[in-house]
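See below for the structure under consideration.
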Amino acid sequence: MPAVALAALTALTLAFDPRSQLSTLERRREAEATAARLLADQERSVFDELRLAEEAVGRAQQDLARVEQARNAAERALAEAAAAEGEASGRLNALLDELRPRLAARARMGRAGELAVLLSAPSLSELVKRRNLLDRVLRRDAVLVAGARDAWAGRERARAGRKAEAARLAGAAASLTELREQARARREERETLLAALRTARGFHERAAAEAAAQARALAVFVATLPARGEAWIAGGHFASRKGKLHLPSPGTVTVGFGKVVNPRFNTVTVQHGLDVEAPAGAPVVAVAPGRVVHAGWFKGYGNLLIVDHGDGYHTLMAHLASMRTAMGEEVETGDVLGTVGDSGSLKGPYLYFELREKGRPVDPRPWLAN
């Protein structure tokens, strides 16, 4: 049997393998049961639950970052403590090396030896001279002994500090492991919710209805923004840039403007902007000069930035992971406004981009440079 035919037969066999089908159905049932549990309160919307899940993930990540910083600080402190202990041990060893032969000589000489040295002096002046020399030796020995004691105490303090930092590091490492598991669990809960929304028709239709309602709410919100009559673009109005704009983040447009049919459930939704496939964390920039009139969370759109370009034109960028600008800030073309993310997104990381003229969404494609 040819290899291709054998592979096709194997795939067909697996496709109709009852155990494989049962496993797939079980995974889907678990995802949908989890979503049903999370959305049991009919007063709570899909996007509210998604936001709660994202906040839980965010808190877990913040705790993780905080403990990671504590662990890094403990590692640095441990290295410093170990270096201090090594330095203290070095000072102690140097003093002991100097003191050891002197003490050994004193021990051999004994008290009688000192008297013999003094009494063997041929004259009184030599006796006084020898006495002074012996006193200087004794004072030097006393200084060395005191220094050795201090060095010993310093080494013990450094050793205790190293042990304390090692214990702190071990505790931080244990906390880090636990928090990583918590963050992973929160992320899995969020992904389970999204998986059910994507595979269960009822959840999908509910999410689509809520998305449409939030699109209307966004239109009302944009209409309430204070309009600026002046043009922000030197040498011409925003309209003069039609056909010359670039996407806020380089990527591929995966969903266009207008009606969109879901291939799985055959449901129809209306898209007021473009879905741009871009990697998570990619920079999102201003497409033209303007002023930021909104920078914050908006239900159904996650972290949302709106830039007023004057003459009734606004650009909207949604589902950002982070925002690097604030309301009222003036921006220039190419200024980084934030990063691509999946906040408030039912699809995963991507950039949602809208262009509105006097509050009305218009297709951004004709405005983009080829």
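Every chain in the structure tokens has a letter given in the order shown (A, B, ...), and although residue numbers restart at 1 in each chain, ligands are simply numbered from 1 in the order shown.
Proximity to Thr325 in chain A at 9 Å, evaluated using only C-alpha atoms and with sequence-adjacent residues fewer than 5 positions away removed, yields Val292, Ala295, Leu305, Val331, Val336, Leu337 and Gly338 of chain A.
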Q. Which residues, written as a ChimeraX atom specification, have at least one atom at most 9 Å from range 242-258 of chain A, with only C-alpha atoms counted and residues fewer than 5 positions away on the same chain left out?
A. /A:269-279,282-288,317,334,339-340,351,353,362-370
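What separates CA of Ser89 in chain A from CA of Arg162 in chain A is a distance of 13.2 Å.
Compared by their closest atoms to Glu156 in chain A, and using only C-alpha atoms, the residues A:Ala79, A:Gln61, A:Arg51, A:Glu87 rank with A:Glu87 nearest.
Interatomic distance, CA of Ala207 in chain A against CA of Leu346 in chain A: 8.6 Å.
Among the candidates A:Tyr301, A:Arg76, A:Glu54, A:Gly328, the one nearest to Gln214 in chain A when counting only C-alpha atoms is A:Tyr301.
CA of Ala84 in chain A is found 19.8 Å from CA of Asp97 in chain A.
If you measure from each of A:Glu330, A:Trp297, A:Gly359, A:Arg59 to His314 in chain A using only C-alpha atoms, the closest one turns out to be A:Gly359.
Across A:Ala326, A:Lys299, A:Leu50, A:Gln69, the tightest approach to Ala211 in chain A is made by A:Lys299 when counting only C-alpha atoms.
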Please identify all polymer residues within 10 Å of His294 in chain A, counting only C-alpha atoms, omitting same-chain residues fewer than 3 positions from it, and present them as a PDB file with C-alpha atoms, in the first residue's frame.
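Result written to around32.pdb:
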ATOM      1  CA  VAL A 222     -17.144  58.636  20.836  1.00  0.00           C
ATOM      2  CA  LEU A 225     -16.058  63.264  23.155  1.00  0.00           C
ATOM      3  CA  ARG A 291      -4.388  64.343  21.047  1.00  0.00           C
ATOM      4  CA  TRP A 297     -10.540  50.167  29.848  1.00  0.00           C
ATOM      5  CA  PHE A 298     -13.712  49.973  27.754  1.00  0.00           C
ATOM      6  CA  ASN A 303      -7.474  48.660  26.987  1.00  0.00           C
ATOM      7  CA  LEU A 304      -8.672  51.234  24.458  1.00  0.00           C
ATOM      8  CA  LEU A 305      -6.881  54.295  23.087  1.00  0.00           C
ATOM      9  CA  ILE A 306      -8.697  57.009  21.124  1.00  0.00           C
ATOM     10  CA  VAL A 307      -6.775  59.756  19.344  1.00  0.00           C
ATOM     11  CA  ASP A 308      -8.506  62.927  18.097  1.00  0.00           C
ATOM     12  CA  LEU A 316      -9.293  53.815  17.924  1.00  0.00           C
ATOM     13  CA  THR A 325       0.267  57.567  26.950  1.00  0.00           C
ATOM     14  CA  ALA A 326      -2.382  59.416  28.922  1.00  0.00           C
ATOM     15  CA  MET A 327      -5.510  61.462  28.225  1.00  0.00           C
ATOM     16  CA  GLY A 328      -4.752  64.946  26.999  1.00  0.00           C
ATOM     17  CA  GLU A 329      -1.293  64.070  25.713  1.00  0.00           C
TER      18      GLU A 329
END
